[in-house]
$ cat query_26.pdb   # PDB, C-alpha atoms, pLDDT in the B column
MODEL        1
ATOM      1  CA  MET A   1     188.921 -39.521-329.373  1.00 53.00           C
ATOM      2  CA  THR A   2     186.677 -42.110-331.027  1.00 53.00           C
ATOM      3  CA  GLN A   3     182.981 -41.695-331.429  1.00 56.00           C
ATOM      4  CA  PRO A   4     180.718 -44.613-330.521  1.00 53.00           C
ATOM      5  CA  PRO A   5     179.377 -46.364-333.575  1.00 52.00           C
ATOM      6  CA  ALA A   6     176.027 -45.234-334.939  1.00 54.00           C
ATOM      7  CA  GLY A   7     172.898 -47.376-334.616  1.00 52.00           C
ATOM      8  CA  GLY A   8     174.041 -49.112-331.460  1.00 50.00           C
ATOM      9  CA  ASP A   9     176.616 -51.283-333.225  1.00 51.00           C
ATOM     10  CA  THR A  10     179.644 -52.288-331.271  1.00 53.00           C
ATOM     11  CA  GLY A  11     183.078 -52.613-332.588  1.00 53.00           C
ATOM     12  CA  THR A  12     185.362 -50.176-334.299  1.00 54.00           C
ATOM     13  CA  PRO A  13     184.292 -47.615-336.879  1.00 55.00           C
ATOM     14  CA  GLY A  14     184.462 -48.966-340.366  1.00 56.00           C
ATOM     15  CA  ASP A  15     184.426 -52.566-339.131  1.00 56.00           C
ATOM     16  CA  PRO A  16     183.031 -54.692-341.977  1.00 58.00           C
ATOM     17  CA  ASN A  17     181.284 -57.056-339.455  1.00 59.00           C
ATOM     18  CA  PRO A  18     179.307 -54.925-337.078  1.00 57.00           C
ATOM     19  CA  GLN A  19     177.940 -56.789-334.071  1.00 58.00           C
ATOM     20  CA  PRO A  20     174.274 -56.475-333.011  1.00 57.00           C
ATOM     21  CA  PRO A  21     173.460 -54.794-329.753  1.00 54.00           C
ATOM     22  CA  PRO A  22     173.653 -57.030-326.678  1.00 53.00           C
ATOM     23  CA  THR A  23     170.467 -58.971-325.781  1.00 55.00           C
ATOM     24  CA  GLY A  24     168.397 -58.087-322.765  1.00 53.00           C
ATOM     25  CA  GLY A  25     167.773 -54.530-323.765  1.00 52.00           C
ATOM     26  CA  ALA A  26     165.983 -52.893-326.620  1.00 53.00           C
ATOM     27  CA  PRO A  27     167.613 -50.153-328.669  1.00 55.00           C
ATOM     28  CA  PRO A  28     166.738 -46.679-327.457  1.00 57.00           C
ATOM     29  CA  GLY A  29     163.420 -45.449-328.803  1.00 57.00           C
ATOM     30  CA  SER A  30     162.064 -48.890-329.688  1.00 55.00           C
ATOM     31  CA  ALA A  31     158.960 -50.555-328.170  1.00 56.00           C
ATOM     32  CA  PRO A  32     159.501 -53.241-325.534  1.00 55.00           C
ATOM     33  CA  ALA A  33     159.525 -56.758-326.910  1.00 55.00           C
ATOM     34  CA  ALA A  34     156.438 -58.868-326.318  1.00 58.00           C
ATOM     35  CA  GLY A  35     156.864 -62.313-324.821  1.00 56.00           C
ATOM     36  CA  PRO A  36     157.282 -64.171-321.569  1.00 56.00           C
ATOM     37  CA  PRO A  37     158.833 -62.365-318.632  1.00 56.00           C
ATOM     38  CA  ALA A  38     162.505 -62.771-317.982  1.00 57.00           C
ATOM     39  CA  TYR A  39     161.926 -64.609-314.667  1.00 54.00           C
ATOM     40  CA  PRO A  40     160.690 -68.190-314.259  1.00 54.00           C
ATOM     41  CA  SER A  41     156.984 -68.594-313.496  1.00 55.00           C
ATOM     42  CA  ASP A  42     157.090 -71.715-311.343  1.00 57.00           C
ATOM     43  CA  THR A  43     155.052 -70.140-308.505  1.00 58.00           C
ATOM     44  CA  GLN A  44     152.092 -72.145-307.216  1.00 59.00           C
ATOM     45  CA  PRO A  45     148.599 -70.622-307.188  1.00 58.00           C
ATOM     46  CA  ARG A  46     147.627 -69.136-303.811  1.00 60.00           C
ATOM     47  CA  LYS A  47     145.125 -70.991-301.644  1.00 57.00           C
ATOM     48  CA  ARG A  48     141.897 -69.142-301.163  1.00 66.00           C
ATOM     49  CA  PRO A  49     141.120 -67.731-297.730  1.00 67.00           C
ATOM     50  CA  ALA A  50     137.684 -69.378-297.869  1.00 64.00           C
ATOM     51  CA  VAL A  51     139.288 -72.804-297.410  1.00 62.00           C
ATOM     52  CA  LEU A  52     141.056 -71.562-294.289  1.00 61.00           C
ATOM     53  CA  ILE A  53     137.881 -69.988-292.892  1.00 68.00           C
ATOM     54  CA  VAL A  54     135.819 -73.144-293.511  1.00 63.00           C
ATOM     55  CA  SER A  55     138.526 -75.243-291.846  1.00 60.00           C
ATOM     56  CA  LEU A  56     138.551 -72.999-288.773  1.00 64.00           C
ATOM     57  CA  VAL A  57     134.741 -73.063-288.496  1.00 64.00           C
ATOM     58  CA  LEU A  58     134.688 -76.861-288.728  1.00 58.00           C
ATOM     59  CA  ALA A  59     137.407 -77.161-286.085  1.00 60.00           C
ATOM     60  CA  ALA A  60     135.459 -74.845-283.760  1.00 60.00           C
ATOM     61  CA  ALA A  61     132.269 -76.866-284.305  1.00 60.00           C
ATOM     62  CA  VAL A  62     134.058 -80.108-283.453  1.00 60.00           C
ATOM     63  CA  LEU A  63     135.479 -78.562-280.267  1.00 59.00           C
ATOM     64  CA  LEU A  64     132.090 -77.196-279.191  1.00 63.00           C
ATOM     65  CA  CYS A  65     130.294 -80.481-279.837  1.00 60.00           C
ATOM     66  CA  GLY A  66     132.986 -82.390-277.983  1.00 59.00           C
ATOM     67  CA  GLY A  67     132.767 -79.956-275.064  1.00 58.00           C
ATOM     68  CA  GLY A  68     128.973 -80.268-274.958  1.00 56.00           C
ATOM     69  CA  GLY A  69     129.223 -84.051-274.982  1.00 52.00           C
ATOM     70  CA  THR A  70     131.716 -83.955-272.141  1.00 49.00           C
ATOM     71  CA  ALA A  71     129.495 -81.627-270.107  1.00 51.00           C
ATOM     72  CA  ALA A  72     126.482 -83.894-270.678  1.00 48.00           C
ATOM     73  CA  PHE A  73     128.518 -86.913-269.598  1.00 44.00           C
ATOM     74  CA  LEU A  74     129.657 -85.188-266.425  1.00 45.00           C
ATOM     75  CA  ALA A  75     126.123 -84.008-265.670  1.00 46.00           C
ATOM     76  CA  LEU A  76     124.670 -87.468-266.153  1.00 44.00           C
ATOM     77  CA  ARG A  77     127.274 -89.361-264.132  1.00 43.00           C
ATOM     78  CA  ASP A  78     127.008 -87.278-260.943  1.00 45.00           C
ATOM     79  CA  SER A  79     125.029 -88.909-258.188  1.00 45.00           C
ATOM     80  CA  GLU A  80     122.089 -87.061-256.714  1.00 47.00           C
ATOM     81  CA  ASP A  81     121.144 -86.694-253.110  1.00 56.00           C
ATOM     82  CA  GLY A  82     117.398 -86.942-252.670  1.00 67.00           C
ATOM     83  CA  GLN A  83     114.574 -88.594-254.548  1.00 80.00           C
ATOM     84  CA  GLY A  84     113.940 -86.462-257.617  1.00 86.00           C
ATOM     85  CA  ALA A  85     110.555 -86.341-259.362  1.00 89.00           C
ATOM     86  CA  LYS A  86     108.700 -89.375-260.690  1.00 93.00           C
ATOM     87  CA  GLU A  87     108.241 -87.885-264.189  1.00 93.00           C
ATOM     88  CA  PRO A  88     110.126 -85.225-266.216  1.00 95.00           C
ATOM     89  CA  GLN A  89     107.145 -82.859-266.378  1.00 95.00           C
ATOM     90  CA  VAL A  90     106.636 -83.179-262.598  1.00 94.00           C
ATOM     91  CA  ALA A  91     110.226 -81.981-262.014  1.00 95.00           C
ATOM     92  CA  VAL A  92     109.653 -78.972-264.291  1.00 95.00           C
ATOM     93  CA  ASP A  93     106.286 -78.151-262.720  1.00 95.00           C
ATOM     94  CA  GLY A  94     107.788 -78.284-259.213  1.00 95.00           C
ATOM     95  CA  PHE A  95     110.655 -76.022-260.279  1.00 95.00           C
ATOM     96  CA  LEU A  96     108.249 -73.500-261.848  1.00 95.00           C
ATOM     97  CA  LYS A  97     106.014 -73.451-258.751  1.00 96.00           C
ATOM     98  CA  ALA A  98     108.997 -72.865-256.461  1.00 94.00           C
ATOM     99  CA  VAL A  99     110.339 -69.998-258.609  1.00 93.00           C
ATOM    100  CA  TYR A 100     107.189 -68.222-259.841  1.00 93.00           C
ATOM    101  CA  GLN A 101     104.508 -68.885-257.230  1.00 93.00           C
ATOM    102  CA  GLU A 102     106.304 -69.572-253.962  1.00 94.00           C
ATOM    103  CA  ARG A 103     109.428 -67.552-254.864  1.00 93.00           C
ATOM    104  CA  ASP A 104     111.579 -69.872-252.762  1.00 93.00           C
ATOM    105  CA  ALA A 105     115.122 -70.389-254.106  1.00 93.00           C
ATOM    106  CA  GLU A 106     115.880 -73.231-251.695  1.00 93.00           C
ATOM    107  CA  LYS A 107     112.762 -75.127-252.767  1.00 94.00           C
ATOM    108  CA  ALA A 108     113.589 -74.525-256.457  1.00 93.00           C
ATOM    109  CA  ALA A 109     117.121 -75.897-255.917  1.00 93.00           C
ATOM    110  CA  ALA A 110     115.568 -79.143-254.677  1.00 93.00           C
ATOM    111  CA  PHE A 111     114.405 -79.818-258.277  1.00 94.00           C
ATOM    112  CA  VAL A 112     117.788 -79.047-259.925  1.00 93.00           C
ATOM    113  CA  CYS A 113     120.440 -81.712-260.633  1.00 92.00           C
ATOM    114  CA  SER A 114     123.643 -81.404-258.604  1.00 88.00           C
ATOM    115  CA  ALA A 115     125.801 -80.671-261.682  1.00 87.00           C
ATOM    116  CA  ALA A 116     123.729 -77.581-262.540  1.00 87.00           C
ATOM    117  CA  ARG A 117     122.746 -76.491-259.042  1.00 89.00           C
ATOM    118  CA  ASP A 118     124.022 -72.956-258.548  1.00 90.00           C
ATOM    119  CA  ASP A 119     122.313 -71.435-255.540  1.00 91.00           C
ATOM    120  CA  GLU A 120     123.363 -67.917-256.539  1.00 92.00           C
ATOM    121  CA  LYS A 121     121.818 -68.166-260.021  1.00 92.00           C
ATOM    122  CA  ILE A 122     118.622 -69.664-258.643  1.00 92.00           C
ATOM    123  CA  ALA A 123     118.389 -66.905-256.027  1.00 93.00           C
ATOM    124  CA  THR A 124     118.939 -64.302-258.781  1.00 92.00           C
ATOM    125  CA  LYS A 125     116.045 -65.740-260.815  1.00 90.00           C
ATOM    126  CA  VAL A 126     113.760 -65.741-257.774  1.00 92.00           C
ATOM    127  CA  ALA A 127     114.766 -62.124-257.026  1.00 93.00           C
ATOM    128  CA  GLU A 128     113.911 -61.219-260.645  1.00 91.00           C
ATOM    129  CA  VAL A 129     110.426 -62.685-260.228  1.00 89.00           C
ATOM    130  CA  GLN A 130     110.104 -60.885-256.891  1.00 91.00           C
ATOM    131  CA  LYS A 131     110.945 -57.624-258.710  1.00 90.00           C
ATOM    132  CA  TYR A 132     108.070 -58.244-261.147  1.00 82.00           C
ATOM    133  CA  VAL A 133     105.745 -58.794-258.190  1.00 86.00           C
ATOM    134  CA  ALA A 134     106.759 -55.424-256.718  1.00 89.00           C
ATOM    135  CA  GLN A 135     106.641 -53.611-260.071  1.00 88.00           C
ATOM    136  CA  TYR A 136     103.220 -54.728-261.351  1.00 87.00           C
ATOM    137  CA  GLN A 137      99.733 -54.767-259.834  1.00 84.00           C
ATOM    138  CA  ASN A 138      99.073 -58.187-258.359  1.00 88.00           C
ATOM    139  CA  PRO A 139     100.856 -60.317-261.001  1.00 88.00           C
ATOM    140  CA  ARG A 140      99.839 -63.957-261.302  1.00 91.00           C
ATOM    141  CA  PHE A 141     101.992 -66.599-262.962  1.00 92.00           C
ATOM    142  CA  ARG A 142     100.435 -69.658-264.549  1.00 94.00           C
ATOM    143  CA  TRP A 143     101.300 -72.333-267.085  1.00 95.00           C
ATOM    144  CA  PRO A 144      99.671 -75.427-268.502  1.00 95.00           C
ATOM    145  CA  THR A 145     101.093 -78.818-267.590  1.00 94.00           C
ATOM    146  CA  PRO A 146     104.629 -78.932-269.034  1.00 95.00           C
ATOM    147  CA  THR A 147     104.988 -81.026-272.196  1.00 94.00           C
ATOM    148  CA  VAL A 148     107.629 -83.696-272.793  1.00 95.00           C
ATOM    149  CA  ASP A 149     108.915 -82.915-276.300  1.00 95.00           C
ATOM    150  CA  ASN A 150     111.530 -85.654-276.503  1.00 94.00           C
ATOM    151  CA  GLN A 151     112.576 -88.466-274.185  1.00 93.00           C
ATOM    152  CA  THR A 152     115.404 -90.909-274.798  1.00 92.00           C
ATOM    153  CA  GLY A 153     116.397 -93.155-271.939  1.00 91.00           C
ATOM    154  CA  ASP A 154     117.407 -91.048-268.972  1.00 93.00           C
ATOM    155  CA  ARG A 155     117.166 -87.670-270.722  1.00 95.00           C
ATOM    156  CA  ALA A 156     114.111 -85.599-271.671  1.00 95.00           C
ATOM    157  CA  THR A 157     113.355 -82.204-273.175  1.00 96.00           C
ATOM    158  CA  VAL A 158     110.339 -80.500-271.609  1.00 95.00           C
ATOM    159  CA  SER A 159     108.701 -77.238-272.663  1.00 96.00           C
ATOM    160  CA  ALA A 160     106.428 -74.873-270.748  1.00 95.00           C
ATOM    161  CA  ARG A 161     104.913 -71.460-271.503  1.00 95.00           C
ATOM    162  CA  VAL A 162     104.741 -69.220-268.424  1.00 93.00           C
ATOM    163  CA  THR A 163     102.123 -66.439-268.577  1.00 92.00           C
ATOM    164  CA  MET A 164     102.117 -63.437-266.253  1.00 90.00           C
ATOM    165  CA  THR A 165      98.788 -61.589-265.895  1.00 90.00           C
ATOM    166  CA  THR A 166      98.406 -58.420-263.831  1.00 88.00           C
ATOM    167  CA  ALA A 167      95.332 -56.878-262.178  1.00 88.00           C
ATOM    168  CA  ASP A 168      95.363 -54.052-264.743  1.00 88.00           C
ATOM    169  CA  GLU A 169      95.138 -56.674-267.538  1.00 87.00           C
ATOM    170  CA  LYS A 170      98.739 -56.649-268.704  1.00 87.00           C
ATOM    171  CA  VAL A 171      99.885 -59.992-270.068  1.00 90.00           C
ATOM    172  CA  ALA A 172     103.378 -61.324-270.779  1.00 90.00           C
ATOM    173  CA  GLU A 173     104.437 -64.801-271.893  1.00 92.00           C
ATOM    174  CA  GLN A 174     107.733 -66.628-271.856  1.00 91.00           C
ATOM    175  CA  ALA A 175     108.413 -69.959-273.553  1.00 94.00           C
ATOM    176  CA  LEU A 176     110.884 -72.092-271.627  1.00 93.00           C
ATOM    177  CA  ARG A 177     112.637 -75.321-272.575  1.00 96.00           C
ATOM    178  CA  PHE A 178     114.126 -77.611-269.929  1.00 94.00           C
ATOM    179  CA  THR A 179     116.618 -80.448-270.136  1.00 94.00           C
ATOM    180  CA  VAL A 180     115.684 -83.003-267.491  1.00 95.00           C
ATOM    181  CA  VAL A 181     117.749 -86.076-266.544  1.00 95.00           C
ATOM    182  CA  ARG A 182     116.923 -89.186-264.547  1.00 93.00           C
ATOM    183  CA  LYS A 183     119.278 -90.400-261.840  1.00 89.00           C
ATOM    184  CA  THR A 184     117.555 -91.163-258.539  1.00 88.00           C
ATOM    185  CA  GLY A 185     114.483 -89.497-260.069  1.00 93.00           C
ATOM    186  CA  TRP A 186     113.975 -86.698-262.614  1.00 95.00           C
ATOM    187  CA  TRP A 187     115.981 -83.478-262.165  1.00 95.00           C
ATOM    188  CA  VAL A 188     116.040 -80.165-264.054  1.00 94.00           C
ATOM    189  CA  CYS A 189     119.559 -79.663-265.428  1.00 93.00           C
ATOM    190  CA  GLU A 190     119.182 -76.832-267.914  1.00 91.00           C
ATOM    191  CA  VAL A 191     116.704 -74.040-268.588  1.00 90.00           C
ATOM    192  CA  GLY A 192     116.692 -72.262-271.927  1.00 84.00           C
TER
ENDMDL
END
$ encode --input "query_26.pdb" --output "structure tokens"
Amino acid sequence: MTQPPAGGDTGTPGDPNPQPPPTGGAPPGSAPAAGPPAYPSDTQPRKRPAVLIVSLVLAAAVLLCGGGGTAAFLALRDSEDGQGAKEPQVAVDGFLKAVYQERDAEKAAAFVCSAARDDEKIATKVAEVQKYVAQYQNPRFRWPTPTVDNQTGDRATVSARVTMTTADEKVAEQALRFTVVRKTGWWVCEVG
């Protein structure tokens, strides 16, 4: 039986032309060779997740703005039944009186544009005010004349600060902002 050649040589023993070990492997006991890896490095760098996140946020913003524009268009094109108020602040003042002082949901609905008129929501707000009346000692609601913050054509933004004062000197305030539109008159279309 023949022994394998010493030193990793291939061939027959005593061969005057020993052949070097095959490439692709280092002789046993030697350090790995430094250099490029044995596989091609033609991979492209990965895209960062931040680019994807920014793209998704921008797409969502475009959808929301488009949806808001569509809602505004639909709200402004609906026809109203009734007269509406002569001025934006008059519509807001009438709405506030109906909700906070008279606590009459039907009267409050008469100041709301048809696109936003939801009798159930208006009745819920009036019931909430009624709950305050029952909970506190003789609460009074007041506000200065509502202020038109911005008016462009048939659309206005009006603000009002409602103050509740009780007989035992408790005070609470709430700042409200209204979007009011003009069709057959001025109508409250959004309260924020």
$ resolve_selection --input "query_26.pdb" --expression "the PyMOL selection byres ((chain A and resi 148) around 10)" --output "VMD selection string"
chain A and resid 87 to 89 92 145 to 147 149 to 151 156 to 160 177 to 180
$ closest_residue --input "query_26.pdb" --among "A:Lys125, A:Arg182, A:Arg140, A:Arg117" --to "Thr165 of chain A" --atoms "all atoms listed in the file"
A:Arg140
$ residues_near_point --input "query_26.pdb" --point "(114.5, -74.1, -258.5)" --cutoff "8 Å" --atoms "only C-alpha atoms" --output "VMD selection string"
chain A and resid 94 to 96 98 to 99 104 to 112 122
$ atom_distance --input "query_26.pdb" --atom1 "atom CA of Gly192 of chain A" --atom2 "atom CA of Lys97 of chain A"
17.0 Å
$ residues_around --input "query_26.pdb" --residues "Gln83 of chain A" --least-positions-apart "6" --cutoff "10 Å" --atoms "only C-alpha atoms" --output "list in words"
Ala110, Phe111, Lys183, Thr184, Gly185, Trp186 and Trp187 of chain A
$ atom_distance --input "query_26.pdb" --atom1 "atom CA of Ser114 of chain A" --atom2 "atom CA of Lys86 of chain A"
17.1 Å
$ resolve_selection --input "query_26.pdb" --expression "the PyMOL selection byres ((chain A and resi 142) around 6)" --output "PyMOL selection string"
chain A and resi 141+143+162-163
$ atom_distance --input "query_26.pdb" --atom1 "atom CA of Ala91 of chain A" --atom2 "atom CA of Ala134 of chain A"
27.3 Å
$ residues_around --input "query_26.pdb" --residues "Ala167 of chain A" --least-positions-apart "6" --cutoff "8 Å" --atoms "all atoms listed in the file" --output "ChimeraX atom specification"
/A:137-139
$ write_last_selection --input "query_26.pdb" --atoms "C-alpha atoms" --output "short mmCIF file (atom, residue, chain, number, x, y, z; two decimals), in the frame of the given file"
data_model
loop_
_atom_site.label_atom_id
_atom_site.label_comp_id
_atom_site.auth_asym_id
_atom_site.auth_seq_id
_atom_site.Cartn_x
_atom_site.Cartn_y
_atom_site.Cartn_z
CA GLN A 137 99.73 -54.77 -259.83
CA ASN A 138 99.07 -58.19 -258.36
CA PRO A 139 100.86 -60.32 -261.00
#
$ closest_residue --input "query_26.pdb" --among "A:Cys113, A:Val126, A:Asp154, A:Tyr100" --to "Gly84 of chain A" --atoms "only C-alpha atoms"
A:Cys113
$ closest_residue --input "query_26.pdb" --among "A:Lys131, A:Arg103, A:Arg155, A:Lys121" --to "Val188 of chain A" --atoms "all atoms listed in the file"
A:Arg155
